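J.: The file below is my_file25.json, JSON, C-alpha atoms:
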```json
[["chain", "number", "residue", "atom", "x", "y", "z"],
["M", 1, "MET", "CA", 128.97, 27.72, 35.70],
["M", 2, "LEU", "CA", 126.58, 24.91, 36.55],
["M", 3, "LYS", "CA", 122.87, 25.59, 36.87],
["M", 4, "PRO", "CA", 121.47, 25.01, 40.39],
["M", 5, "LEU", "CA", 119.29, 21.93, 40.83],
["M", 6, "ASN", "CA", 115.57, 22.64, 41.27],
["M", 7, "PRO", "CA", 115.26, 22.78, 45.12],
["M", 8, "LEU", "CA", 111.69, 21.46, 45.00],
["M", 9, "LEU", "CA", 112.81, 18.26, 43.32],
["M", 10, "HIS", "CA", 116.18, 18.05, 45.07],
["M", 11, "SER", "CA", 114.69, 16.30, 48.09],
["M", 12, "GLU", "CA", 114.79, 12.55, 48.61],
["M", 13, "LEU", "CA", 111.06, 11.99, 49.05],
["M", 14, "ARG", "CA", 109.78, 14.52, 46.49],
["M", 15, "LEU", "CA", 112.21, 13.21, 43.89],
["M", 16, "ALA", "CA", 111.01, 9.64, 44.60],
["M", 17, "ILE", "CA", 107.36, 10.69, 44.17],
["M", 18, "ILE", "CA", 108.05, 12.39, 40.84],
["M", 19, "SER", "CA", 110.20, 9.44, 39.65],
["M", 20, "ILE", "CA", 107.31, 7.05, 40.34],
["M", 21, "LEU", "CA", 104.77, 9.27, 38.60],
["M", 22, "ILE", "CA", 106.94, 9.95, 35.53],
["M", 23, "GLY", "CA", 106.50, 6.38, 34.26],
["M", 24, "VAL", "CA", 102.79, 5.89, 34.95],
["M", 25, "GLU", "CA", 99.48, 7.48, 34.16],
["M", 26, "GLU", "CA", 98.46, 7.60, 37.81],
["M", 27, "ALA", "CA", 99.50, 6.13, 41.14],
["M", 28, "ASP", "CA", 97.64, 5.64, 44.36],
["M", 29, "PHE", "CA", 98.77, 7.24, 47.68],
["M", 30, "VAL", "CA", 99.11, 3.78, 49.30],
["M", 31, "TYR", "CA", 101.33, 2.58, 46.45],
["M", 32, "ILE", "CA", 103.61, 5.65, 46.71],
["M", 33, "ARG", "CA", 103.83, 5.24, 50.49],
["M", 34, "THR", "CA", 104.78, 1.56, 50.16],
["M", 35, "GLU", "CA", 107.37, 2.24, 47.48],
["M", 36, "THR", "CA", 109.01, 5.18, 49.25],
["M", 37, "GLY", "CA", 108.69, 3.77, 52.79],
["M", 38, "ALA", "CA", 107.63, 7.24, 53.99],
["M", 39, "THR", "CA", 105.12, 7.92, 56.76],
["M", 40, "ALA", "CA", 101.62, 8.95, 55.68],
["M", 41, "GLY", "CA", 101.99, 12.39, 57.31],
["M", 42, "ASN", "CA", 105.34, 13.19, 55.70],
["M", 43, "LEU", "CA", 104.14, 11.93, 52.32],
["M", 44, "SER", "CA", 101.00, 14.10, 52.51],
["M", 45, "VAL", "CA", 103.10, 17.20, 53.21],
["M", 46, "GLN", "CA", 105.44, 16.52, 50.25],
["M", 47, "ILE", "CA", 102.56, 15.71, 47.89],
["M", 48, "ASP", "CA", 100.94, 18.99, 48.93],
["M", 49, "LYS", "CA", 104.17, 20.92, 48.11],
["M", 50, "LEU", "CA", 104.41, 19.30, 44.67],
["M", 51, "GLN", "CA", 100.73, 20.00, 44.02],
["M", 52, "LYS", "CA", 101.08, 23.67, 45.02],
["M", 53, "ALA", "CA", 104.04, 23.97, 42.63],
["M", 54, "GLY", "CA", 101.78, 22.59, 39.87],
["M", 55, "TYR", "CA", 104.00, 19.52, 39.34],
["M", 56, "ILE", "CA", 101.34, 16.98, 40.20],
["M", 57, "SER", "CA", 97.55, 16.83, 40.37],
["M", 58, "VAL", "CA", 95.75, 15.06, 43.19],
["M", 59, "ASP", "CA", 92.28, 13.52, 43.04],
["M", 60, "LYS", "CA", 90.57, 12.45, 46.23],
["M", 61, "GLY", "CA", 87.74, 10.00, 45.82],
["M", 62, "PHE", "CA", 86.42, 6.65, 46.95],
["M", 63, "ARG", "CA", 86.94, 3.10, 45.80],
["M", 64, "GLY", "CA", 83.87, 1.34, 47.13],
["M", 65, "LYS", "CA", 83.71, 2.58, 50.71],
["M", 66, "MET", "CA", 87.46, 3.20, 51.04],
["M", 67, "PRO", "CA", 88.87, 6.72, 50.50],
["M", 68, "ARG", "CA", 91.42, 6.83, 47.70],
["M", 69, "THR", "CA", 93.94, 9.51, 46.71],
["M", 70, "VAL", "CA", 95.30, 9.34, 43.19],
["M", 71, "CYS", "CA", 98.31, 11.37, 42.00],
["M", 72, "ARG", "CA", 99.24, 12.26, 38.42],
["M", 73, "ILE", "CA", 102.20, 14.18, 37.06],
["M", 74, "THR", "CA", 101.35, 17.37, 35.13],
["M", 75, "ASP", "CA", 103.05, 18.76, 32.02],
["M", 76, "SER", "CA", 105.00, 21.28, 34.08],
["M", 77, "GLY", "CA", 106.03, 18.48, 36.47],
["M", 78, "ARG", "CA", 107.29, 16.49, 33.49],
["M", 79, "GLU", "CA", 109.18, 19.53, 32.23],
["M", 80, "ALA", "CA", 110.72, 20.20, 35.67],
["M", 81, "PHE", "CA", 111.79, 16.56, 35.97],
["M", 82, "THR", "CA", 113.42, 16.58, 32.50],
["M", 83, "GLU", "CA", 115.26, 19.79, 33.37],
["M", 84, "TYR", "CA", 116.37, 18.30, 36.72],
["M", 85, "VAL", "CA", 117.76, 15.19, 35.02],
["M", 86, "ASP", "CA", 119.53, 17.31, 32.36],
["M", 87, "THR", "CA", 121.15, 19.42, 35.10],
["M", 88, "LEU", "CA", 122.17, 16.26, 36.96],
["M", 89, "ARG", "CA", 123.81, 15.00, 33.77],
["M", 90, "GLU", "CA", 125.85, 18.22, 33.55],
["M", 91, "TYR", "CA", 126.96, 17.79, 37.18],
["M", 92, "LEU", "CA", 128.00, 14.20, 36.60],
["M", 93, "LYS", "CA", 129.29, 14.89, 33.05],
["M", 94, "MET", "CA", 127.25, 11.96, 31.73],
["N", 1, "MET", "CA", 112.63, 8.00, 53.01],
["N", 2, "ASN", "CA", 113.56, 11.29, 54.61],
["N", 3, "GLU", "CA", 112.70, 14.61, 53.03],
["N", 4, "GLU", "CA", 115.44, 16.63, 54.76],
["N", 5, "LYS", "CA", 118.27, 14.13, 54.22],
["N", 6, "HIS", "CA", 121.18, 15.64, 52.27],
["N", 7, "LEU", "CA", 120.98, 14.56, 48.65],
["N", 8, "ASP", "CA", 124.01, 14.40, 46.40],
["N", 9, "GLU", "CA", 123.89, 13.89, 42.62],
["N", 10, "HIS", "CA", 124.68, 10.16, 42.76],
["N", 11, "ARG", "CA", 121.95, 9.55, 45.33],
["N", 12, "SER", "CA", 119.50, 11.46, 43.08],
["N", 13, "ILE", "CA", 120.31, 9.21, 40.14],
["N", 14, "GLU", "CA", 119.99, 6.15, 42.38],
["N", 15, "ILE", "CA", 116.51, 7.22, 43.61],
["N", 16, "ILE", "CA", 115.28, 7.96, 40.07],
["N", 17, "SER", "CA", 116.57, 4.62, 38.69],
["N", 18, "ARG", "CA", 115.22, 2.57, 41.60],
["N", 19, "MET", "CA", 111.75, 4.13, 41.57],
["N", 20, "ILE", "CA", 111.39, 3.78, 37.79],
["N", 21, "ALA", "CA", 112.61, 0.14, 37.86],
["N", 22, "ASP", "CA", 110.35, -0.84, 40.80],
["N", 23, "THR", "CA", 107.30, 0.73, 39.15],
["N", 24, "SER", "CA", 108.00, -1.07, 35.84],
["N", 25, "ALA", "CA", 108.22, -4.37, 37.75],
["N", 26, "HIS", "CA", 104.80, -3.70, 39.34],
["N", 27, "ILE", "CA", 103.25, -2.90, 35.95],
["N", 28, "ASP", "CA", 104.59, -6.17, 34.52],
["N", 29, "SER", "CA", 103.60, -8.35, 37.45],
["N", 30, "GLU", "CA", 99.98, -9.04, 36.43],
["N", 31, "SER", "CA", 100.23, -9.72, 32.70],
["N", 32, "GLY", "CA", 100.85, -13.49, 32.96],
["N", 33, "LYS", "CA", 97.73, -14.11, 35.07],
["N", 34, "TYR", "CA", 95.29, -13.04, 32.34],
["N", 35, "PHE", "CA", 96.92, -15.30, 29.76],
["N", 36, "LEU", "CA", 96.81, -18.24, 32.21],
["N", 37, "LEU", "CA", 93.14, -17.58, 33.00],
["N", 38, "TRP", "CA", 91.96, -17.39, 29.36],
["N", 39, "GLY", "CA", 94.41, -20.06, 28.17],
["N", 40, "TYR", "CA", 93.48, -22.74, 30.71],
["N", 41, "THR", "CA", 89.74, -21.97, 30.45],
["N", 42, "THR", "CA", 89.82, -22.34, 26.66],
["N", 43, "VAL", "CA", 91.95, -25.51, 26.71],
["N", 44, "LEU", "CA", 89.80, -27.21, 29.38],
["N", 45, "VAL", "CA", 86.49, -26.31, 27.73],
["N", 46, "SER", "CA", 87.83, -27.45, 24.32],
["N", 47, "LEU", "CA", 88.96, -30.79, 25.73],
["N", 48, "PHE", "CA", 85.58, -31.24, 27.40],
["N", 49, "GLU", "CA", 83.86, -30.50, 24.06],
["N", 50, "TYR", "CA", 86.15, -32.95, 22.29],
["N", 51, "VAL", "CA", 85.42, -35.78, 24.76],
["N", 52, "ALA", "CA", 81.69, -34.95, 24.79],
["N", 53, "GLN", "CA", 81.39, -34.95, 21.01],
["N", 54, "VAL", "CA", 83.58, -38.00, 20.35],
["N", 55, "SER", "CA", 81.63, -40.02, 22.92],
["N", 56, "HIS", "CA", 78.32, -38.66, 21.49],
["N", 57, "LEU", "CA", 77.03, -37.10, 24.72],
["N", 58, "ALA", "CA", 73.86, -34.99, 24.57],
["N", 59, "ILE", "CA", 75.13, -32.64, 21.81],
["N", 60, "PRO", "CA", 72.69, -29.68, 22.19],
["N", 61, "LEU", "CA", 73.50, -29.44, 25.88],
["N", 62, "CYS", "CA", 77.27, -29.76, 25.61],
["N", 63, "LEU", "CA", 77.53, -27.13, 22.88],
["N", 64, "TRP", "CA", 76.52, -24.59, 25.53],
["N", 65, "ALA", "CA", 79.79, -25.36, 27.32],
["N", 66, "TRP", "CA", 81.61, -23.13, 24.79],
["N", 67, "PHE", "CA", 79.93, -20.17, 26.50],
["N", 68, "LEU", "CA", 81.87, -21.05, 29.66],
["N", 69, "ILE", "CA", 84.97, -19.52, 28.00],
["N", 70, "PRO", "CA", 83.69, -15.92, 27.89],
["N", 71, "ALA", "CA", 81.77, -16.38, 31.17],
["N", 72, "VAL", "CA", 84.71, -17.73, 33.22],
["N", 73, "GLY", "CA", 87.28, -15.55, 31.41],
["N", 74, "GLY", "CA", 85.18, -12.39, 31.74],
["N", 75, "ILE", "CA", 84.35, -12.83, 35.42],
["N", 76, "GLY", "CA", 87.94, -13.88, 36.20],
["N", 77, "THR", "CA", 89.31, -10.84, 34.34],
["N", 78, "LEU", "CA", 87.01, -8.54, 36.34],
["N", 79, "ILE", "CA", 88.12, -10.07, 39.64],
["N", 80, "LEU", "CA", 91.84, -9.96, 38.71],
["N", 81, "SER", "CA", 91.71, -6.38, 37.46],
["N", 82, "ARG", "CA", 89.79, -5.15, 40.54],
["N", 83, "ARG", "CA", 92.32, -6.81, 42.84],
["N", 84, "ALA", "CA", 95.24, -5.49, 40.80],
["N", 85, "THR", "CA", 94.14, -1.86, 40.53],
["N", 86, "ALA", "CA", 93.59, -1.51, 44.28],
["N", 87, "THR", "CA", 97.21, -0.41, 44.79],
["N", 88, "ARG", "CA", 98.95, -1.00, 41.49],
["N", 89, "PRO", "CA", 99.86, 2.12, 39.49],
["N", 90, "LYS", "CA", 97.99, 2.60, 36.24],
["N", 91, "SER", "CA", 100.30, 2.92, 33.25],
["N", 92, "TYR", "CA", 99.97, 4.06, 29.65],
["N", 93, "LEU", "CA", 100.70, 0.44, 28.69],
["N", 94, "ASP", "CA", 97.58, -0.68, 30.56],
["N", 95, "ARG", "CA", 95.44, 1.72, 28.54],
["N", 96, "SER", "CA", 96.95, 0.60, 25.22],
["N", 97, "VAL", "CA", 96.66, -3.11, 26.03],
["N", 98, "ASN", "CA", 93.07, -2.67, 27.28],
["N", 99, "ALA", "CA", 92.21, -0.92, 24.00],
["N", 100, "VAL", "CA", 93.66, -3.82, 21.98],
["N", 101, "TRP", "CA", 91.60, -6.40, 23.87],
["N", 102, "MET", "CA", 88.45, -4.25, 23.69],
["N", 103, "VAL", "CA", 88.82, -4.19, 19.90],
["N", 104, "PHE", "CA", 89.42, -7.95, 19.99],
["N", 105, "GLY", "CA", 86.19, -8.42, 21.98],
["N", 106, "LEU", "CA", 84.24, -6.36, 19.46],
["N", 107, "SER", "CA", 85.77, -8.23, 16.49],
["N", 108, "PHE", "CA", 85.03, -11.53, 18.20],
["N", 109, "GLY", "CA", 81.39, -10.49, 18.52],
["N", 110, "MET", "CA", 81.26, -9.78, 14.79],
["N", 111, "ALA", "CA", 83.01, -13.10, 14.04],
["N", 112, "PHE", "CA", 80.46, -14.89, 16.20],
["N", 113, "ILE", "CA", 77.61, -13.35, 14.19],
["N", 114, "ALA", "CA", 79.38, -14.33, 10.94],
["N", 115, "ALA", "CA", 79.73, -17.88, 12.25],
["N", 116, "ILE", "CA", 76.03, -18.13, 13.02],
["N", 117, "VAL", "CA", 74.73, -16.35, 9.91],
["N", 118, "TYR", "CA", 77.20, -17.50, 7.25],
["N", 119, "GLY", "CA", 78.59, -20.66, 8.85],
["N", 120, "ALA", "CA", 82.14, -19.28, 9.09],
["N", 121, "SER", "CA", 84.52, -21.30, 11.28],
["N", 122, "ILE", "CA", 84.35, -19.61, 14.68],
["N", 123, "LEU", "CA", 87.33, -21.63, 15.97],
["N", 124, "TYR", "CA", 89.52, -20.39, 13.11],
["N", 125, "LEU", "CA", 88.38, -16.77, 13.48],
["N", 126, "THR", "CA", 88.84, -16.86, 17.28],
["N", 127, "ALA", "CA", 92.35, -18.30, 17.03],
["N", 128, "LEU", "CA", 93.31, -15.80, 14.32],
["N", 129, "LEU", "CA", 91.94, -12.73, 16.14],
["N", 130, "MET", "CA", 93.38, -13.88, 19.48],
["N", 131, "GLY", "CA", 96.77, -14.40, 17.78],
["N", 132, "MET", "CA", 96.67, -10.86, 16.39],
["N", 133, "ALA", "CA", 95.77, -9.33, 19.78],
["N", 134, "THR", "CA", 98.54, -11.37, 21.46],
["N", 135, "VAL", "CA", 101.18, -10.20, 18.95],
["N", 136, "ILE", "CA", 100.13, -6.54, 19.40],
["N", 137, "THR", "CA", 100.17, -6.93, 23.22],
["N", 138, "GLY", "CA", 103.66, -8.44, 22.97],
["N", 139, "LYS", "CA", 104.85, -5.57, 20.80],
["N", 140, "ILE", "CA", 103.38, -2.89, 23.11],
["N", 141, "CYS", "CA", 104.78, -4.46, 26.30],
["N", 142, "ARG", "CA", 108.00, -5.56, 24.60],
["N", 143, "HIS", "CA", 107.42, -9.17, 25.66],
["N", 144, "LYS", "CA", 109.15, -11.22, 22.99],
["N", 145, "VAL", "CA", 107.54, -14.41, 24.30],
["N", 146, "LEU", "CA", 104.05, -13.01, 23.60],
["N", 147, "THR", "CA", 105.00, -11.80, 20.13],
["N", 148, "ILE", "CA", 106.40, -15.23, 19.21],
["N", 149, "ALA", "CA", 103.47, -17.12, 20.78],
["N", 150, "GLY", "CA", 100.93, -14.89, 19.00],
["N", 151, "LYS", "CA", 102.64, -15.38, 15.63],
["N", 152, "ALA", "CA", 102.73, -19.14, 16.24],
["N", 153, "GLY", "CA", 99.00, -19.01, 17.03],
["N", 154, "ILE", "CA", 98.27, -17.17, 13.77],
["N", 155, "VAL", "CA", 100.25, -19.73, 11.75],
["N", 156, "LEU", "CA", 98.69, -22.70, 13.58],
["N", 157, "SER", "CA", 95.19, -21.28, 13.07],
["N", 158, "LEU", "CA", 95.64, -22.05, 9.37],
["N", 159, "LEU", "CA", 95.43, -25.75, 10.25],
["N", 160, "ILE", "CA", 91.69, -25.30, 10.83],
["N", 161, "PRO", "CA", 90.75, -24.17, 7.27],
["N", 162, "ALA", "CA", 93.36, -26.66, 6.00],
["N", 163, "GLY", "CA", 91.22, -29.38, 7.59],
["N", 164, "HIS", "CA", 88.20, -28.14, 5.64],
["N", 165, "LEU", "CA", 90.25, -28.20, 2.44],
["N", 166, "LEU", "CA", 91.23, -31.82, 3.11],
["N", 167, "LEU", "CA", 87.59, -32.61, 3.81],
["N", 168, "ARG", "CA", 86.59, -31.28, 0.40],
["N", 169, "LYS", "CA", 89.39, -33.20, -1.32],
["N", 170, "TYR", "CA", 89.32, -36.56, 0.49],
["N", 171, "GLY", "CA", 85.82, -36.51, 2.06],
["N", 172, "ALA", "CA", 84.42, -39.02, -0.41],
["N", 173, "ALA", "CA", 87.35, -41.41, 0.10],
["N", 174, "LEU", "CA", 86.93, -41.24, 3.89],
["N", 175, "LEU", "CA", 83.22, -41.89, 3.59],
["N", 176, "SER", "CA", 83.78, -44.95, 1.42],
["N", 177, "SER", "CA", 86.14, -46.36, 4.05],
["N", 178, "GLY", "CA", 83.46, -46.03, 6.74],
["N", 179, "ILE", "CA", 84.63, -42.82, 8.44],
["N", 180, "GLU", "CA", 82.22, -39.90, 8.78],
["N", 181, "PRO", "CA", 84.44, -37.09, 7.36],
["N", 182, "VAL", "CA", 82.57, -34.06, 8.74],
["N", 183, "GLU", "CA", 82.70, -35.46, 12.27],
["N", 184, "ALA", "CA", 86.37, -36.48, 11.94],
["N", 185, "ILE", "CA", 87.39, -32.98, 10.82],
["N", 186, "LEU", "CA", 85.30, -31.34, 13.57],
["N", 187, "TYR", "CA", 86.95, -33.44, 16.28],
["N", 188, "VAL", "CA", 90.46, -32.71, 14.99],
["N", 189, "GLU", "CA", 89.56, -29.02, 14.70],
["N", 190, "ILE", "CA", 88.71, -28.86, 18.41],
["N", 191, "LEU", "CA", 92.01, -30.51, 19.34],
["N", 192, "ILE", "CA", 93.95, -28.10, 17.10],
["N", 193, "PHE", "CA", 92.08, -25.21, 18.74],
["N", 194, "ALA", "CA", 93.11, -26.44, 22.20],
["N", 195, "LEU", "CA", 96.73, -26.87, 21.03],
["N", 196, "ILE", "CA", 96.78, -23.29, 19.66],
["N", 197, "PHE", "CA", 95.73, -21.97, 23.07],
["N", 198, "VAL", "CA", 98.41, -24.01, 24.84],
["N", 199, "VAL", "CA", 101.05, -22.48, 22.55],
["N", 200, "MET", "CA", 99.57, -18.97, 22.42],
["N", 201, "MET", "CA", 98.41, -18.41, 26.01],
["N", 202, "VAL", "CA", 99.27, -21.14, 28.53],
["N", 203, "ILE", "CA", 103.01, -21.39, 27.82],
["N", 204, "PRO", "CA", 103.69, -17.61, 27.57],
["N", 205, "GLY", "CA", 101.38, -17.06, 30.58],
["N", 206, "HIS", "CA", 103.56, -19.36, 32.73],
["N", 207, "ILE", "CA", 106.77, -17.74, 31.44],
["N", 208, "LEU", "CA", 105.49, -14.21, 32.24],
["N", 209, "TYR", "CA", 104.09, -15.25, 35.61],
["N", 210, "ASN", "CA", 107.34, -16.92, 36.70],
["N", 211, "ARG", "CA", 109.37, -13.97, 35.45],
["N", 212, "SER", "CA", 107.28, -11.46, 37.43],
["N", 213, "LYS", "CA", 107.52, -13.67, 40.54],
["N", 214, "ARG", "CA", 111.31, -13.73, 40.23],
["N", 215, "VAL", "CA", 111.41, -9.92, 39.85],
["N", 216, "LYS", "CA", 109.14, -9.49, 42.90],
["N", 217, "ASN", "CA", 111.30, -11.79, 45.03],
["N", 218, "ALA", "CA", 114.56, -10.16, 43.91]]
```
What's the structure tokens form of this structure?
T.:
Amino acid sequence: MLKPLNPLLHSELRLAIISILIGVEEADFVYIRTETGATAGNLSVQIDKLQKAGYISVDKGFRGKMPRTVCRITDSGREAFTEYVDTLREYLKM
Amino acid sequence: MNEEKHLDEHRSIEIISRMIADTSAHIDSESGKYFLLWGYTTVLVSLFEYVAQVSHLAIPLCLWAWFLIPAVGGIGTLILSRRATATRPKSYLDRSVNAVWMVFGLSFGMAFIAAIVYGASILYLTALLMGMATVITGKICRHKVLTIAGKAGIVLSLLIPAGHLLLRKYGAALLSSGIEPVEAILYVEILIFALIFVVMMVIPGHILYNRSKRVKNA
């Protein structure tokens, strides 16, 4: 029997956020919004869910006078992503 | 992108692949600009020095022009990196490449002191160290063009001490035929230095820049 896919990652926007963060050290909120094409409100909600699950960490600060939100993937986020991809492979028999 | 949209396995794979590929393209997009900045600055200042010294302009004044390389390169690098990091994601590659060039900067400082105190050839040491940093950057970023250009720079840098060797061997003969050998070698050395930077930085800089532009437009 196949393992169920992690419901927290099995969402279009949350999966996109984690996929961006998996390859970088950190990414800015504006960059993630541009890449995903999501609205700022929706993106904030999804980032909050991932942060509460401990998959990402969020730092709010300033760059000059502009507010800046920086996201980073955590070790448990990395683990969850690897597990998600492994389960996907089983589904697709890759 | 919609959070609630039904996601099947194929769509999941598609999202993961697209996001990873797009982010890699963004990370790559800036690398060519730094090589163009340092490459063109070094080549132009070297050519100015060559013309100034061959035509016997006010030597003490024109020697200061060499300091334009770190001044223009340093300020330009600061401006480019500030503009780039405003929205660009920060990668592990960035940190590794920054570390390589920081070590290069430190080594260059030491080489500069050696050149002043012991009379070591600063042009040779600069070309050699720059070649090493370029090869390592190429290896880290998997840019074959940088690895090849850096290796070419290291090999070409040997032409500078080779000039000194020739000077020792044939200096007397040149002098007897009316040519000032130290000056002749110094002029050629500057031209070789400029050539090394064309090969090592300007050409790969254009290749990387054009490649990233193509990826962005695709």
J.: Nearest to chain M among N:Ile116, N:Ile136, N:Ile75, N:Leu93, with distances taken over all atoms listed in the file: which residue is it?
T.: N:Leu93
J.: From the options N:Leu123, N:Cys62, N:Leu158, N:Leu129, which residue's atoms come nearest to Leu106 in chain N, counting all atoms listed in the file?
T.: N:Leu129
J.: So which one's closest to chain M, N:Ile148, N:Ser91, N:Thr41, N:Gln53? Using all atoms listed in the file, please.
T.: N:Ser91
J.: What's the 12 Å shell around range 40-51 of chain M, counting all atoms listed in the file, without same-chain residues fewer than 5 positions away, as JSON, numbers by chain?
T.: {"M": [7, 8, 9, 10, 11, 12, 13, 14, 15, 16, 17, 18, 21, 28, 29, 30, 31, 32, 33, 34, 35, 56, 57, 58, 59, 69, 70, 71, 72, 73, 74, 76, 77, 78, 80, 81], "N": [1, 2, 3, 4]}
J.: Rounded to one decimal, what separation in Å do you get between CA of Val155 in chain N and CA of Val202 in chain N?
T.: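 Straight-line distance from CA of Val155 in chain N to CA of Val202 in chain N works out to 16.9 Å.
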J.: Rounded to one decimal in Å, what is the spacing between CA of Lys33 in chain N and CA of Ile160 in chain N?
T.: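 Computing it gives 27.4 Å between the two atoms.
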J.: List every protein, DNA or RNA residue with an atom no more than 12 Å from (83.8, -20.8, 13.8) in the file's coordinates, counting all atoms listed in the file, and format the result as a ChimeraX atom specification.
T.: /N:66,108-129,157,160-161,164,186,189-190,193
J.: Any idea what the distance is between CA of Ile13 in chain N and CA of Gly37 in chain M?
T.: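 Separation between CA of Ile13 in chain N and CA of Gly37 in chain M: 18.0 Å.
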J.: Could you check the closest approach to chain N for each of M:Glu90, M:Glu83, M:Asp75, M:Glu26 and tell me which residue wins, using all atoms listed in the file?
T.: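 Result for the nearest residue to chain N: M:Glu26.
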J.: Restricting the calculation to all atoms listed in the file, which member of M:Gly54, M:Gly64, M:Pro4, M:Gly23 is positioned closest to chain N?
T.: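 Counting all atoms listed in the file, the residue closest to chain N is M:Gly23.
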J.: Could you list, as a PDB file with C-alpha atoms, keeping the file's coordinate frame, every residue within 8 Å of Glu9 in chain N, counting all atoms listed in the file and ignoring same-chain residues fewer than 6 positions away?
T.:
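Generated file (around-v5.pdb):
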```pdb
ATOM      1  CA  LEU M  88     122.170  16.260  36.960  1.00  0.00           C
ATOM      2  CA  TYR M  91     126.960  17.790  37.180  1.00  0.00           C
ATOM      3  CA  LEU M  92     128.000  14.200  36.600  1.00  0.00           C
TER       4      LEU M  92
END
```
J.: Pick out the closest residue to chain M from this set: N:Thr77, N:Ser96, N:Ser212, N:Ser107. Count only C-alpha atoms.
T.: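 When distances to chain M are compared using only C-alpha atoms, the smallest one comes from N:Ser96.
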J.: Skip Leu36 in chain N itself and residues of its chain fewer than 4 positions away, then list as a ChimeraX atom specification all residues within 9 Å of it, counting only C-alpha atoms.
T.: /N:32,40-41,201-206,209
J.: Quick one: write out the picked residues with C-alpha atoms as a PDB file, keeping the file's coordinate frame?
T.:
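Wrote out23.pdb, looks like this:
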```
ATOM      1  CA  GLY N  32     100.850 -13.490  32.960  1.00  0.00           C
ATOM      2  CA  TYR N  40      93.480 -22.740  30.710  1.00  0.00           C
ATOM      3  CA  THR N  41      89.740 -21.970  30.450  1.00  0.00           C
ATOM      4  CA  MET N 201      98.410 -18.410  26.010  1.00  0.00           C
ATOM      5  CA  VAL N 202      99.270 -21.140  28.530  1.00  0.00           C
ATOM      6  CA  ILE N 203     103.010 -21.390  27.820  1.00  0.00           C
ATOM      7  CA  PRO N 204     103.690 -17.610  27.570  1.00  0.00           C
ATOM      8  CA  GLY N 205     101.380 -17.060  30.580  1.00  0.00           C
ATOM      9  CA  HIS N 206     103.560 -19.360  32.730  1.00  0.00           C
ATOM     10  CA  TYR N 209     104.090 -15.250  35.610  1.00  0.00           C
TER      11      TYR N 209
END
```
J.: Starting from the incomplete input, reconstruct N, CA, C and O atoms of range 12-22 of chain M and report them as an mmCIF file, in the coordinates of the input.
T.:
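Result file rebuild_16.cif:
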```cif
data_model
loop_
_atom_site.group_PDB
_atom_site.id
_atom_site.type_symbol
_atom_site.label_atom_id
_atom_site.label_comp_id
_atom_site.auth_asym_id
_atom_site.auth_seq_id
_atom_site.Cartn_x
_atom_site.Cartn_y
_atom_site.Cartn_z
ATOM 1 N N GLU M 12 114.882 14.000 48.806
ATOM 2 C CA GLU M 12 114.790 12.550 48.610
ATOM 3 C C GLU M 12 113.349 12.079 48.325
ATOM 4 O O GLU M 12 113.098 11.375 47.352
ATOM 5 N N LEU M 13 112.422 12.490 49.169
ATOM 6 C CA LEU M 13 111.060 11.990 49.050
ATOM 7 C C LEU M 13 110.323 12.584 47.831
ATOM 8 O O LEU M 13 109.649 11.871 47.086
ATOM 9 N N ARG M 14 110.482 13.894 47.615
ATOM 10 C CA ARG M 14 109.780 14.520 46.490
ATOM 11 C C ARG M 14 110.310 13.991 45.155
ATOM 12 O O ARG M 14 109.554 13.764 44.212
ATOM 13 N N LEU M 15 111.621 13.750 45.117
ATOM 14 C CA LEU M 15 112.210 13.210 43.890
ATOM 15 C C LEU M 15 111.673 11.784 43.633
ATOM 16 O O LEU M 15 111.368 11.409 42.491
ATOM 17 N N ALA M 16 111.536 11.016 44.731
ATOM 18 C CA ALA M 16 111.010 9.640 44.600
ATOM 19 C C ALA M 16 109.572 9.674 44.078
ATOM 20 O O ALA M 16 109.197 8.890 43.197
ATOM 21 N N ILE M 17 108.777 10.600 44.607
ATOM 22 C CA ILE M 17 107.360 10.690 44.170
ATOM 23 C C ILE M 17 107.298 10.996 42.677
ATOM 24 O O ILE M 17 106.594 10.320 41.910
ATOM 25 N N ILE M 18 108.065 12.004 42.262
ATOM 26 C CA ILE M 18 108.050 12.390 40.840
ATOM 27 C C ILE M 18 108.596 11.260 39.967
ATOM 28 O O ILE M 18 108.071 11.004 38.876
ATOM 29 N N SER M 19 109.618 10.543 40.445
ATOM 30 C CA SER M 19 110.200 9.440 39.650
ATOM 31 C C SER M 19 109.199 8.307 39.461
ATOM 32 O O SER M 19 109.187 7.640 38.435
ATOM 33 N N ILE M 20 108.356 8.085 40.474
ATOM 34 C CA ILE M 20 107.310 7.050 40.340
ATOM 35 C C ILE M 20 106.288 7.514 39.306
ATOM 36 O O ILE M 20 105.912 6.775 38.397
ATOM 37 N N LEU M 21 105.868 8.777 39.446
ATOM 38 C CA LEU M 21 104.770 9.270 38.600
ATOM 39 C C LEU M 21 105.187 9.489 37.143
ATOM 40 O O LEU M 21 104.335 9.478 36.253
ATOM 41 N N ILE M 22 106.484 9.667 36.904
ATOM 42 C CA ILE M 22 106.940 9.950 35.530
ATOM 43 C C ILE M 22 106.665 8.771 34.588
ATOM 44 O O ILE M 22 106.397 8.964 33.412
#
```
